[in-house]
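Input: a single structure, listed below in structure tokens.
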Amino acid sequence: MSYIGNAPISAAFLTDTFSGTGSQTAFTMTVAPANTSSIIVAVTGVLQDPSTYSVSGTTLTFSAAPPSGTSNISVRYLGIPASGVTTTAYRTVTEFTATSGQTSFSVPSYTVGYIDVYRNGVMLGTADFTATTGTTVVLASGATTGDLIRTESFYVSSVLNAIPATAGSVSSTYLVDASVTQAKLSTNVAGNGPAFSACASGSQALTQSTWNKVNFGTEIFDTNNNFASSRFTPTVAGYYQISSNINFGSGASVTDSRVSLYKNGSVYVSGTAIGATNSNGTPFTGLAYANGSTDYFEIYAYTGTASTTLYGDAGGPYTTFQGVLVRSA
Amino acid sequence: MSLYEKIIAIYPELQNHNFAFGTILLQNDSDGKGDYISKWEHPTLPRPTEEQLND
């Protein structure tokens with residue numbers, strides 16, 4: 001088909017279909033029509049007069065239950081009320097019947113410069129009235145009894161602050177802090193806070209009966225660049241799950257081997273001593289809070305045996321230090 | 001001789017003391033500065049002096 005101008009856009013009218021039971025009179029529609037005249041209702045193909053049903057919100061109620069049948073009731077919407085639209089009065093008209101000599105009239109709030117004044121149907125010039133308060137209009141000369149004074153004020157709006165309806169254009173700046181709930185997140189969405197994993201790149205001699213800071217010379221990953229010099233200094237405040245595995249020497253016999261998490265240079269969580277000859281890996285895990293700026297964490301190892309050497313290998317995770325943000329502050 | 005060994009030499013009665021926790025803690029921050037006493041709160045034995053440790 002040929003057209004002059006743009007081709008018309010067409011779409012089918014929205015239709016709901018219900019199955020009568022012979023006793024059910026109320027049915028729930030997908031949208032709320034404005035009134036009974038906004039829909040066409042047919043039962044078993046027979047058009048129903050609007051007087052035989054009523055609508056309230058999304059509920060369609062028949063005065064008598066339609067007969068039983070599969071999909072024998074159809075509701076076709078002739079128009080769907082606009083949704084999500086806030087109506088605003090862009091023009092406000094106020095009329096007064098003046099008394100003798102009256103000059104001042106109180107009008108609904110207006111924006112100065114956006115109000116017109118009429119006297120008996122004649123629009124007044126700007127020299128004929130004063131409208132500078134936003135709530136009153138004062139005539140330059142007093143009215144005559146019975147004069148019809150009419151004001152028309154205009155709502156001034158701007159679209160400068162409107163959120164653009166463009167995909168990907170709305171930033172989190174427009175969200176109220178802490179307004180996004182867990183329920184609004186999709187499944188399998190994990191946080192992206194700092195996480196790191198490091199391991200000792202070589203062996204390290206320990207001093208007996210002394211807490212020795214463990215050196216972790218190899219970074220396996222460090223998502224937020226918060227790990228350096230064997231120290232984890234997270235820049236995001238929150239609660240961190242920190243774990244470590246210390247290998248006190250393959251096949252060695254070490255008494256009283258321990259691992260502790262140090263926070264800001266002092267012991268924060270101390271691990272449990274492992275038995276006398278169990279030295280092939282002393283695991284440790286703990287939960288710690290970090291302020292996101294100055295707090296830092298280190299791993300210290302303790303041995304009750306002289307000449308103990310931690311085993312480390314840059315190519316293997318034997319002596320490790322790991323951490324991840326599990327809850328923000 | 002390590003700091004631990006020096007302390008034991010000064011106070012042989014600490015031979016069975018557990019330095020992993022409690023009143024005396026020794027620490028080494030792996031920064032090249034060596035071992036040091038990070039905590040000394042023993043109820044009867046005074047903290048060794050630098051002179052004693054350096055003998």
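Letters A, B, ... mark the chains of the structure tokens in the order given; residue numbers begin at 1 per chain; ligand numbers begin at 1, in order shown.
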
Return as CSV the residues of chain B lying at most 12 Å from chain A, together with the closest atom-to-atom pair for each and the distance in Å to one decimal, counting only C-alpha atoms, with rows in chain order and ascending residue number.
```
residue,atom,partner,partner_atom,distance
B:Met1,CA,A:Thr207,CA,10.1
B:Ser2,CA,A:Thr207,CA,7.1
B:Leu3,CA,A:Thr207,CA,8.5
B:Tyr4,CA,A:Ser209,CA,6.5
B:Glu5,CA,A:Gln208,CA,8.5
B:Lys6,CA,A:Gln208,CA,11.7
B:Ile7,CA,A:Ser209,CA,10.8
B:Ile8,CA,A:Ser209,CA,10.7
B:Leu14,CA,A:Ser209,CA,11.3
B:Gln15,CA,A:Ser209,CA,10.6
B:Asn16,CA,A:Gly304,CA,10.4
B:His17,CA,A:Ser209,CA,9.5
B:Asn18,CA,A:Ser209,CA,7.6
B:Phe19,CA,A:Ser209,CA,5.5
B:Ala20,CA,A:Ser209,CA,6.5
B:Phe21,CA,A:Ser270,CA,9.0
B:Gly22,CA,A:Val267,CA,11.9
B:Ile24,CA,A:Thr210,CA,9.9
B:Leu25,CA,A:Thr210,CA,7.0
B:Leu26,CA,A:Thr210,CA,4.7
B:Gln27,CA,A:Trp211,CA,4.5
B:Asn28,CA,A:Asn212,CA,4.7
B:Asp29,CA,A:Lys213,CA,4.9
B:Ser30,CA,A:Lys213,CA,5.6
B:Asp31,CA,A:Lys213,CA,8.7
B:Gly32,CA,A:Lys213,CA,11.2
B:Lys33,CA,A:Asn212,CA,11.9
B:Gly34,CA,A:Thr207,CA,9.5
B:Asp35,CA,A:Thr210,CA,7.6
B:Tyr36,CA,A:Thr210,CA,8.8
B:Ile37,CA,A:Thr210,CA,9.0
B:Ser38,CA,A:Ser266,CA,8.9
B:Lys39,CA,A:Ser266,CA,10.4
```

**Message:** According to DSSP computed on the backbone, where in chain B is there helix (DSSP H, G or I)? Give the residues as a ChimeraX atom specification.
**Reply:** /B:3-10,12-16,50-54

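Interatomic distance, atom CA of A:Val107 to atom CA of A:Ala140: 16.5 Å.
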
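Counting only C-alpha atoms, stretch 216-227 of chain A has the following residues at most 9 Å away, ignoring those fewer than 4 positions along the same chain: A:Asn192, A:Gly193, A:Pro194, A:Ala195, A:Phe196, A:Ser197, A:Ala198, A:Cys199, A:Ala200, A:Ser201, A:Gly202, A:Arg231, A:Phe232, A:Thr233, A:Pro234, A:Thr235, A:Gly312, A:Asp313, A:Ala314, A:Gly315, A:Thr319, A:Thr320, A:Phe321.
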
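Atom CA of A:Val326 is positioned 9.7 Å from atom CA of A:Ala190.
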
**Message:** Give me the residues near A:Gly121 as a VMD selection string, where near means some atom within 12 Å (using only C-alpha atoms) and where sequence neighbours in that chain fewer than 2 positions away do not count.
**Reply:** chain A and resid 95 116 to 119 123 to 124 147 to 152

Take the residues from that selection and write them out as a compact mmCIF listing (two decimals), in the first residue's frame, keeping all heavy atoms.
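Listing of part23.txt after writing:
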```
# COMPACT_ATOMS: atom_id res chain seq x y z
N GLU A 95 -10.66 33.77 38.35
CA GLU A 95 -11.53 34.90 38.00
C GLU A 95 -12.08 35.54 39.28
O GLU A 95 -12.37 34.85 40.25
CB GLU A 95 -12.67 34.45 37.09
CG GLU A 95 -12.18 34.02 35.72
CD GLU A 95 -13.32 33.64 34.78
OE1 GLU A 95 -14.40 33.28 35.27
OE2 GLU A 95 -13.11 33.71 33.56
N ASP A 116 -0.81 36.63 32.98
CA ASP A 116 -1.55 37.60 32.18
C ASP A 116 -2.79 38.00 32.95
O ASP A 116 -3.36 37.19 33.70
CB ASP A 116 -1.96 37.00 30.83
CG ASP A 116 -0.75 36.74 29.93
OD1 ASP A 116 0.28 37.43 30.10
OD2 ASP A 116 -0.83 35.82 29.09
N VAL A 117 -3.20 39.27 32.77
CA VAL A 117 -4.37 39.78 33.49
C VAL A 117 -5.36 40.36 32.48
O VAL A 117 -4.95 41.10 31.56
CB VAL A 117 -3.95 40.86 34.52
CG1 VAL A 117 -5.18 41.36 35.28
CG2 VAL A 117 -2.90 40.30 35.47
N TYR A 118 -6.61 40.00 32.66
CA TYR A 118 -7.67 40.48 31.77
C TYR A 118 -8.71 41.24 32.61
O TYR A 118 -8.99 40.87 33.74
CB TYR A 118 -8.37 39.31 31.07
CG TYR A 118 -7.47 38.52 30.14
CD1 TYR A 118 -6.59 37.56 30.66
CD2 TYR A 118 -7.50 38.73 28.76
CE1 TYR A 118 -5.78 36.83 29.81
CE2 TYR A 118 -6.68 38.00 27.91
CZ TYR A 118 -5.81 37.05 28.43
OH TYR A 118 -5.00 36.35 27.59
N ARG A 119 -9.24 42.28 32.02
CA ARG A 119 -10.32 43.04 32.67
C ARG A 119 -11.48 43.09 31.69
O ARG A 119 -11.34 43.65 30.60
CB ARG A 119 -9.83 44.45 33.00
CG ARG A 119 -10.84 45.30 33.74
CD ARG A 119 -10.17 46.61 34.16
NE ARG A 119 -11.06 47.47 34.90
CZ ARG A 119 -10.70 48.62 35.44
NH1 ARG A 119 -9.46 49.05 35.29
NH2 ARG A 119 -11.57 49.36 36.10
N MET A 123 -7.20 42.08 27.57
CA MET A 123 -5.90 41.80 28.17
C MET A 123 -5.20 43.10 28.53
O MET A 123 -5.10 44.02 27.71
CB MET A 123 -5.04 40.99 27.20
CG MET A 123 -3.71 40.56 27.78
SD MET A 123 -2.81 39.51 26.59
CE MET A 123 -1.33 39.20 27.53
N LEU A 124 -4.72 43.19 29.76
CA LEU A 124 -4.07 44.41 30.21
C LEU A 124 -2.59 44.40 29.85
O LEU A 124 -1.94 43.35 29.85
CB LEU A 124 -4.21 44.54 31.73
CG LEU A 124 -5.65 44.59 32.29
CD1 LEU A 124 -5.62 44.81 33.80
CD2 LEU A 124 -6.45 45.70 31.60
N ASP A 147 -16.67 44.41 37.63
CA ASP A 147 -15.67 44.09 36.61
C ASP A 147 -15.20 42.64 36.78
O ASP A 147 -15.00 42.17 37.92
CB ASP A 147 -14.44 45.01 36.75
CG ASP A 147 -14.66 46.36 36.09
OD1 ASP A 147 -15.72 46.53 35.44
OD2 ASP A 147 -13.78 47.23 36.24
N LEU A 148 -15.03 41.96 35.67
CA LEU A 148 -14.51 40.59 35.72
C LEU A 148 -13.00 40.65 35.53
O LEU A 148 -12.51 41.04 34.47
CB LEU A 148 -15.15 39.71 34.63
CG LEU A 148 -14.64 38.27 34.58
CD1 LEU A 148 -14.97 37.53 35.87
CD2 LEU A 148 -15.22 37.53 33.37
N ILE A 149 -12.30 40.34 36.57
CA ILE A 149 -10.84 40.31 36.52
C ILE A 149 -10.40 38.85 36.41
O ILE A 149 -10.76 38.01 37.24
CB ILE A 149 -10.21 40.95 37.77
CG1 ILE A 149 -10.76 42.36 37.98
CG2 ILE A 149 -8.68 40.94 37.65
CD1 ILE A 149 -10.46 43.31 36.82
N ARG A 150 -9.66 38.56 35.39
CA ARG A 150 -9.23 37.19 35.14
C ARG A 150 -7.71 37.14 35.06
O ARG A 150 -7.09 37.99 34.39
CB ARG A 150 -9.85 36.71 33.82
CG ARG A 150 -9.39 35.34 33.32
CD ARG A 150 -9.93 35.13 31.91
NE ARG A 150 -9.43 33.91 31.29
CZ ARG A 150 -10.13 32.79 31.17
NH1 ARG A 150 -11.37 32.75 31.64
NH2 ARG A 150 -9.62 31.72 30.58
N THR A 151 -7.14 36.18 35.74
CA THR A 151 -5.68 36.01 35.66
C THR A 151 -5.38 34.63 35.08
O THR A 151 -6.09 33.66 35.35
CB THR A 151 -5.00 36.14 37.03
OG1 THR A 151 -5.45 35.09 37.89
CG2 THR A 151 -5.30 37.48 37.67
N GLU A 152 -4.36 34.58 34.28
CA GLU A 152 -3.89 33.32 33.73
C GLU A 152 -2.38 33.23 34.01
O GLU A 152 -1.60 34.02 33.47
CB GLU A 152 -4.15 33.24 32.22
CG GLU A 152 -5.62 33.16 31.87
CD GLU A 152 -5.86 33.01 30.38
OE1 GLU A 152 -4.85 32.90 29.62
OE2 GLU A 152 -7.02 33.02 29.95
```

**Prompt:** atom CA of A:Gly79 and atom CA of A:Thr21, how far apart in Å?
**Reply:** 27.6 Å

**Request:** Run DSSP on the backbone and give me the residues of chain B it puts in strand (DSSP E or B), as a ChimeraX atom specification.
**Result:** /B:24-28,35-40

**Item:** Who sits within 12 Å of A:Leu14, only C-alpha atoms, same chain under 5 positions skipped, as an MDAnalysis selection string
**Value:** chainID A and resid 29:33 38:40 74:80
